[in-house]
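File shown here: upload08.csv, holding CSV, C-alpha atoms.
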```
chain,number,residue,atom,x,y,z
A,1,MET,CA,0.0,0.0,0.0
A,2,ASN,CA,1.2,3.5,-0.8
A,3,PHE,CA,-0.5,6.9,-0.5
A,4,SER,CA,-1.3,7.3,-4.2
A,5,ASP,CA,-3.0,3.9,-4.5
A,6,TRP,CA,-4.8,4.4,-1.2
A,7,GLN,CA,-6.2,7.8,-2.4
A,8,ASP,CA,-7.7,6.1,-5.5
A,9,ARG,CA,-9.6,3.7,-3.2
A,10,VAL,CA,-11.1,6.4,-0.9
A,11,PRO,CA,-14.8,6.7,-1.7
A,12,PRO,CA,-15.9,9.7,-3.8
A,13,SER,CA,-18.2,10.9,-0.9
A,14,ILE,CA,-15.0,11.6,1.1
A,15,ARG,CA,-12.8,12.8,-1.8
A,16,GLU,CA,-15.4,15.3,-3.1
A,17,ASP,CA,-15.8,17.0,0.3
A,18,THR,CA,-13.8,20.3,0.6
A,19,LEU,CA,-12.2,18.8,3.7
A,20,TRP,CA,-10.3,16.5,1.3
A,21,ASP,CA,-8.4,19.6,0.1
A,22,LEU,CA,-6.5,19.7,3.5
A,23,GLU,CA,-3.3,17.8,3.1
A,24,VAL,CA,-3.1,17.1,6.8
A,25,TYR,CA,-6.6,15.5,6.7
A,26,ARG,CA,-5.6,13.2,3.8
A,27,LEU,CA,-2.3,12.2,5.5
A,28,SER,CA,-4.0,11.6,8.9
A,29,LEU,CA,-6.8,9.5,7.3
A,30,PHE,CA,-4.1,7.5,5.5
A,31,ALA,CA,-2.2,7.1,8.8
A,32,SER,CA,-5.3,5.5,10.4
A,33,ASP,CA,-5.4,2.9,7.6
A,34,VAL,CA,-1.7,2.2,8.0
A,35,CYS,CA,-2.1,2.0,11.7
A,36,TRP,CA,-4.8,-0.6,11.3
A,37,GLN,CA,-2.2,-3.0,10.0
A,38,ASP,CA,0.2,-2.1,12.8
A,39,MET,CA,-2.5,-2.5,15.4
A,40,ARG,CA,-3.3,-6.0,14.1
A,41,LYS,CA,0.4,-7.0,14.5
A,42,ILE,CA,0.6,-5.5,18.0
A,43,HIS,CA,-2.6,-7.3,18.9
A,44,GLU,CA,-1.0,-10.6,18.2
A,45,GLU,CA,1.1,-10.1,21.4
A,46,SER,CA,-1.2,-11.2,24.2
A,47,ASN,CA,0.4,-8.7,26.6
A,48,ALA,CA,0.0,-5.8,24.2
A,49,TYR,CA,-3.8,-5.5,23.7
A,50,SER,CA,-4.0,-2.2,25.5
A,51,LEU,CA,-1.1,-0.8,23.5
A,52,ALA,CA,-2.8,-1.7,20.2
A,53,ASP,CA,-6.1,-0.1,21.4
A,54,GLN,CA,-4.4,3.1,22.6
A,55,LEU,CA,-2.4,3.5,19.4
A,56,TYR,CA,-5.3,3.0,17.1
A,57,ARG,CA,-7.5,5.4,19.2
A,58,ALA,CA,-4.8,8.1,19.1
A,59,VAL,CA,-4.1,7.8,15.4
A,60,GLY,CA,-7.8,7.6,14.5
A,61,SER,CA,-8.6,10.7,16.5
A,62,ILE,CA,-6.2,12.9,14.4
A,63,SER,CA,-8.4,12.9,11.3
A,64,SER,CA,-11.6,12.9,13.3
A,65,ASN,CA,-10.7,16.1,15.1
A,66,ILE,CA,-9.6,17.7,11.9
A,67,ALA,CA,-12.9,16.9,10.3
A,68,GLU,CA,-14.9,18.2,13.3
A,69,GLY,CA,-12.8,21.4,13.5
A,70,TYR,CA,-13.0,22.0,9.8
A,71,SER,CA,-16.8,22.3,10.2
A,72,ARG,CA,-16.7,24.9,13.0
A,73,GLY,CA,-17.7,28.5,12.2
A,74,THR,CA,-14.9,30.5,13.7
A,75,GLY,CA,-11.2,30.3,13.5
A,76,LYS,CA,-10.7,30.0,17.2
A,77,ASP,CA,-13.2,27.1,17.4
A,78,ARG,CA,-11.4,25.3,14.5
A,79,ALA,CA,-8.1,25.9,16.1
A,80,ARG,CA,-9.3,24.2,19.3
A,81,PHE,CA,-10.1,21.0,17.4
A,82,TYR,CA,-6.8,21.2,15.4
A,83,GLU,CA,-5.0,21.4,18.7
A,84,TYR,CA,-6.8,18.2,19.8
A,85,SER,CA,-5.5,16.7,16.6
A,86,LEU,CA,-2.0,17.9,17.4
A,87,GLY,CA,-2.2,16.3,20.8
A,88,SER,CA,-3.4,13.1,19.3
A,89,ALA,CA,-0.6,13.1,16.7
A,90,ARG,CA,2.0,13.5,19.5
A,91,GLU,CA,0.3,10.9,21.5
A,92,SER,CA,0.4,8.6,18.5
A,93,ARG,CA,4.1,9.2,18.1
A,94,ASP,CA,4.5,8.3,21.8
A,95,TRP,CA,2.5,5.0,21.4
A,96,TYR,CA,4.4,4.1,18.2
A,97,TYR,CA,7.7,4.5,20.0
A,98,LYS,CA,6.4,2.2,22.8
A,99,SER,CA,5.4,-0.4,20.1
A,100,ARG,CA,8.9,-0.7,18.7
A,101,PHE,CA,9.6,-4.0,20.5
A,102,VAL,CA,6.6,-5.6,18.6
A,103,ILE,CA,6.5,-4.0,15.2
A,104,GLY,CA,10.2,-3.3,14.8
A,105,GLU,CA,12.5,-0.3,14.7
A,106,ASN,CA,12.3,0.1,10.9
A,107,VAL,CA,8.5,0.4,10.9
A,108,VAL,CA,8.5,2.6,14.0
A,109,ASP,CA,11.1,5.0,12.5
A,110,HIS,CA,8.9,5.4,9.5
A,111,ARG,CA,5.8,6.0,11.7
A,112,LEU,CA,7.6,8.5,13.8
A,113,ASP,CA,8.6,10.5,10.8
A,114,PHE,CA,5.1,10.2,9.4
A,115,MET,CA,3.5,11.5,12.6
A,116,THR,CA,6.1,14.3,12.7
A,117,GLN,CA,5.0,15.4,9.2
A,118,ILE,CA,1.4,15.6,10.4
A,119,ILE,CA,2.5,17.5,13.5
A,120,ARG,CA,4.4,20.0,11.3
A,121,LEU,CA,1.3,20.7,9.3
A,122,LEU,CA,-0.9,21.2,12.4
A,123,LEU,CA,1.7,23.5,13.9
A,124,VAL,CA,1.1,25.8,11.0
A,125,MET,CA,-2.7,25.5,10.9
A,126,VAL,CA,-3.4,26.2,14.6
A,127,PRO,CA,-1.9,29.7,14.8
A,128,ASP,CA,-3.3,30.5,11.3
A,129,GLN,CA,-6.8,29.7,12.6
A,130,ARG,CA,-6.3,31.2,16.0
A,131,GLY,CA,-5.0,34.4,14.5
A,132,GLY,CA,-1.9,34.4,16.5
A,133,GLU,CA,0.8,32.1,17.8
A,134,ILE,CA,0.5,28.6,19.2
A,135,ARG,CA,1.0,28.2,22.9
A,136,GLU,CA,4.5,26.7,22.5
A,137,PRO,CA,7.7,28.5,23.0
A,138,ASP,CA,8.9,28.0,19.5
A,139,PRO,CA,6.5,27.3,16.7
A,140,SER,CA,9.2,25.9,14.4
A,141,TYR,CA,9.5,22.2,14.6
A,142,SER,CA,12.5,20.2,13.7
A,143,ALA,CA,12.5,16.6,12.8
A,144,PRO,CA,14.7,14.4,10.8
A,145,GLU,CA,14.7,15.5,7.2
A,146,SER,CA,12.4,13.1,5.4
A,147,ASN,CA,11.5,13.1,1.8
A,148,GLU,CA,7.7,13.2,1.9
A,149,THR,CA,7.5,11.2,-1.3
A,150,GLU,CA,9.6,8.5,0.4
A,151,LEU,CA,7.3,8.6,3.5
A,152,LEU,CA,4.2,8.0,1.3
A,153,GLN,CA,5.6,5.6,-1.3
A,154,ASN,CA,7.5,3.0,0.7
A,155,ILE,CA,5.4,2.1,3.7
A,156,PRO,CA,7.2,-0.5,5.7
A,157,PHE,CA,5.2,-3.1,7.7
A,158,SER,CA,6.2,-5.8,10.1
A,159,ASP,CA,6.2,-9.4,8.9
A,160,ARG,CA,2.4,-9.5,8.7
A,161,GLU,CA,1.1,-7.3,5.9
A,162,GLU,CA,-2.5,-7.8,4.8
```
Whole structure given in structure tokens:
Amino acid sequence: MNFSDWQDRVPPSIREDTLWDLEVYRLSLFASDVCWQDMRKIHEESNAYSLADQLYRAVGSISSNIAEGYSRGTGKDRARFYEYSLGSARESRDWYYKSRFVIGENVVDHRLDFMTQIIRLLLVMVPDQRGGEIREPDPSYSAPESNETELLQNIPFSDREE
């Protein structure tokens, strides 16, 4: 699975909504589908059920909060939901790091970079909607330089890929 192929399979009812124009929404919706595969692998470990559940809830809530915020009438209201998405993206990165012993370092490294890309986009959107700065000391966000095309074309999975 890669991003381009995935986009082609997203139903028109989603793709034709103006929400689809937000890159961060498309990436976070794709992230939830990628996470589904990761969650299934983590769930195979009998002592990791709660990890799988927490990870999938965190990743799934990124796009859900973006969708809800997008529908709000004021910039400050939208910003609040985009901040929830930002929190969920960071939480997802945290849970992915904790899953490294199950799904492997290579997969986790990719997911950390992927979540960081989503975080970067949200860090631009929040102050834009709020009409000011985000409540962080420095709105710039550094992460390992990743080629976005590479992040979206070569999606590693652990041994089980379905």
To one decimal place in Å, what is the distance between atom CA of Ser158 of chain A and atom CA of Phe114 of chain A? 16.1 Å
Counting all atoms listed in the file, the option among A:Ser32, A:Ser46, A:Gln37, A:Thr18 closest to Ser61 of chain A: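 Checking each of A:Ser32, A:Ser46, A:Gln37, A:Thr18 against Ser61 of chain A, counting all atoms listed in the file, the winner is A:Ser32.
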Neighbours of Gly131 of chain A within 8 Å (all atoms listed in the file; same-chain residues fewer than 4 positions away dropped), as a list in words?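 The residues satisfying every condition are Gly75, Lys76 and Pro127 of chain A.
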For a cut-off of 9 Å around (6.6, 3.4, 16.8), file coordinates, pick out all residues using only C-alpha atoms and list them as a list in words. Ser92, Arg93, Asp94, Trp95, Tyr96, Tyr97, Lys98, Ser99, Arg100, Phe101, Ile103, Gly104, Glu105, Asn106, Val107, Val108, Asp109, His110, Arg111 and Leu112 of chain A
Rounded to one decimal place, report the atom CA of Tyr25 of chain A-atom CA of Glu44 of chain A distance in Å.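 Between atom CA of Tyr25 of chain A and atom CA of Glu44 of chain A the gap works out to 29.1 Å.
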Among listed residues A:Asp8, A:Asp159, A:Glu83, A:Glu150, nearest Leu123 of chain A (using only C-alpha atoms):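 Result for the nearest residue to Leu123 of chain A: A:Glu83.
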Atom CA of Arg72 of chain A and atom CA of Ser4 of chain A, how far apart in Å?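 These two atoms are separated by 29.0 Å.
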Cys35 of chain A proximity check over A:Met115, A:Ser71, A:Leu122, A:Arg78, using only C-alpha atoms: winner is A:Met115
Which residue of A:Pro156, A:Gln54, A:Met39, A:Arg26 approaches Glu91 of chain A most closely, using all atoms listed in the file: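 Looking at the shortest contact to Glu91 of chain A, the residue is A:Gln54.
Closest to Glu68 of chain A among A:Leu19, A:Ser28, A:Val34, A:Arg90 is A:Leu19, based on all atoms listed in the file.
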Spatial neighbours of Arg80 of chain A, max dist 10 Å, only C-alpha atoms, sep filter under 4 positions, as a PyMOL selection string: chain A and resi 65-66+69+72+75-76+84-86+126+129-130
